[in-house]
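To keep things clear, I will list the structure first and then write my remarks on it.
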Amino acid sequence: MNGEKIIKLNVNRKDFEEIYFSGNQGNLFFSPTTKGKTVTTAVAGVILLILFCFKDDLSKEKFGILYFVSFLFLLCTVYLSLSINKVSRWKKEVNRYLKSLENSEIYEIRFNDEIFNVNLNHQEELSKWEDFKVYDIRDSFIALEGKYNYMFPEKSMSKGDYSILKQTIKKNIKS
């Protein structure tokens, strides 16, 4: 590519939300981050509940099991609450970003063989291609990770622009 290419992005919050919140990522209890901890906490809670129901049948020597399971349940709930907090903070950050996109007048990408520039309401982020370490190209979006992280839905640009962006990324980012 000899010259600079400019891609104007059409911002539709729904297109971005489909990608960011796919796979229950926004769900506090069943996101990929918290699902295992939720199940583990529920299992520990059920075991603790069963032990409490039969605590009168436990001998003095076996009463320590109740304390141990109570400790495990408490530990599981602490780890679950930390994960929920992490998902909640991520979700707030994504929603804040999506709100800024909704109110945007200008959202465009400019790139050539050396640079990649994103302009959002005259706030430009300039990167060199070597600043990007990883990219992910799917049918529905392109994600770039490096100095700055970006996600561009395929629906926010024309098919031709999406194809050009894909080819340019594959050519300029060595992963």
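Residues are named by chain letter and number: chains run A, B, ... in the order of the structure tokens, numbers start at 1 in each chain, and ligands are numbered from 1 in the order shown.
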Do a neighbour search on stretch 71-75 of chain A at 7 Å with only C-alpha atoms, toss out local chain neighbours closer than 2 positions, and write the hits as a PyMOL selection string. chain A and resi 41+44-45+67-69+77-79
Residues within 7 Å of A:Asn121, please, as a list in words. Count only C-alpha atoms; anything in the same chain fewer than 4 positions from it doesn't count.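 In the requested form, the answer reads Ser104, Glu105, Ile106 and Tyr107 of chain A.
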Ranking A:Phe132, A:Tyr148, A:Phe52, A:Phe111 by minimum distance to A:Leu165 and counting only C-alpha atoms, which one comes first? A:Phe111
A:Glu154: which residues within 7 Å, counting only C-alpha atoms, same-chain residues fewer than 6 positions away excluded, as a list in words?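 Everything that qualifies: Ser140, Phe141 and Tyr162 of chain A.
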Please save N, CA, C and O atoms of the selected residues as a short mmCIF file (atom, residue, chain, number, x, y, z; two decimals), in the first residue's frame.
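And here is the file that came out, out33.cif:
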```
data_model
loop_
_atom_site.label_atom_id
_atom_site.label_comp_id
_atom_site.auth_asym_id
_atom_site.auth_seq_id
_atom_site.Cartn_x
_atom_site.Cartn_y
_atom_site.Cartn_z
N SER A 140 -16.61 -11.63 12.54
CA SER A 140 -17.43 -10.53 13.05
C SER A 140 -16.64 -9.34 13.58
O SER A 140 -17.21 -8.27 13.79
N PHE A 141 -15.33 -9.50 13.82
CA PHE A 141 -14.55 -8.38 14.35
C PHE A 141 -13.06 -8.59 14.13
O PHE A 141 -12.59 -9.69 13.84
N TYR A 162 -13.27 -3.63 5.44
CA TYR A 162 -12.94 -4.71 6.37
C TYR A 162 -11.88 -5.63 5.77
O TYR A 162 -10.92 -6.02 6.43
#
```
Please determine, counting only C-alpha atoms, which residue among A:Asn149, A:Lys166, A:Lys91, A:Asn172 has the shortest atom-to-atom distance to A:Asn24.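 Ranked by minimum distance to A:Asn24, first place goes to A:Lys91.
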Who sits within 8 Å of A:Thr38, only C-alpha atoms, same chain under 5 positions skipped, as a ChimeraX atom specification: /A:29-30,80
So which one's closest to A:Leu98, A:Leu120, A:Gly36, A:Lys62, A:Ala42? Using only C-alpha atoms, please.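 When distances to A:Leu98 are compared using only C-alpha atoms, the smallest one comes from A:Leu120.
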Please report, as an MDAnalysis selection string, each residue of chain A to which DSSP assigns strand (DSSP E or B) when run on this structure's backbone. chainID A and resid 5:8 107:111 115:120 123:128 132:137 141:146 150:153
Please, could you write that set of residues out with C-alpha atoms as a PDB file, in the first residue's frame?
```pdb
ATOM      1  CA  LYS A   5      -6.059   4.593   3.805  1.00  0.00           C
ATOM      2  CA  ILE A   6      -8.908   6.116   5.814  1.00  0.00           C
ATOM      3  CA  ILE A   7     -11.775   3.993   7.126  1.00  0.00           C
ATOM      4  CA  LYS A   8     -14.719   5.791   8.687  1.00  0.00           C
ATOM      5  CA  TYR A 107     -14.487   7.689  14.526  1.00  0.00           C
ATOM      6  CA  GLU A 108     -12.002   6.766  11.876  1.00  0.00           C
ATOM      7  CA  ILE A 109      -8.904   4.680  11.277  1.00  0.00           C
ATOM      8  CA  ARG A 110      -5.979   5.961   9.221  1.00  0.00           C
ATOM      9  CA  PHE A 111      -3.114   3.697   8.288  1.00  0.00           C
ATOM     10  CA  ILE A 115       1.587   3.789  11.135  1.00  0.00           C
ATOM     11  CA  PHE A 116      -1.856   3.025  12.490  1.00  0.00           C
ATOM     12  CA  ASN A 117      -3.905   5.975  13.746  1.00  0.00           C
ATOM     13  CA  VAL A 118      -7.316   5.950  15.447  1.00  0.00           C
ATOM     14  CA  ASN A 119      -9.220   9.217  15.640  1.00  0.00           C
ATOM     15  CA  LEU A 120     -12.146   9.389  18.070  1.00  0.00           C
ATOM     16  CA  GLN A 123      -8.424  12.448  20.178  1.00  0.00           C
ATOM     17  CA  GLU A 124      -5.871  10.590  18.138  1.00  0.00           C
ATOM     18  CA  GLU A 125      -3.902   7.530  19.180  1.00  0.00           C
ATOM     19  CA  LEU A 126      -0.913   6.983  16.931  1.00  0.00           C
ATOM     20  CA  SER A 127       0.893   3.650  16.838  1.00  0.00           C
ATOM     21  CA  LYS A 128       3.512   2.028  14.697  1.00  0.00           C
ATOM     22  CA  PHE A 132       1.049  -4.290  18.159  1.00  0.00           C
ATOM     23  CA  LYS A 133       1.934  -7.693  19.551  1.00  0.00           C
ATOM     24  CA  VAL A 134      -1.192  -9.733  18.860  1.00  0.00           C
ATOM     25  CA  TYR A 135      -4.149  -9.556  16.533  1.00  0.00           C
ATOM     26  CA  ASP A 136      -7.322 -11.600  16.267  1.00  0.00           C
ATOM     27  CA  ILE A 137      -9.274 -11.590  13.024  1.00  0.00           C
ATOM     28  CA  PHE A 141     -14.553  -8.384  14.348  1.00  0.00           C
ATOM     29  CA  ILE A 142     -10.860  -7.501  14.330  1.00  0.00           C
ATOM     30  CA  ALA A 143      -8.993  -7.085  17.624  1.00  0.00           C
ATOM     31  CA  LEU A 144      -5.553  -5.538  18.026  1.00  0.00           C
ATOM     32  CA  GLU A 145      -3.462  -5.644  21.199  1.00  0.00           C
ATOM     33  CA  GLY A 146      -0.335  -3.659  21.894  1.00  0.00           C
ATOM     34  CA  TYR A 150      -8.772  -1.979  19.749  1.00  0.00           C
ATOM     35  CA  MET A 151     -11.782  -3.941  18.608  1.00  0.00           C
ATOM     36  CA  PHE A 152     -13.499  -3.086  15.337  1.00  0.00           C
ATOM     37  CA  PRO A 153     -16.771  -4.857  14.453  1.00  0.00           C
TER      38      PRO A 153
END
```
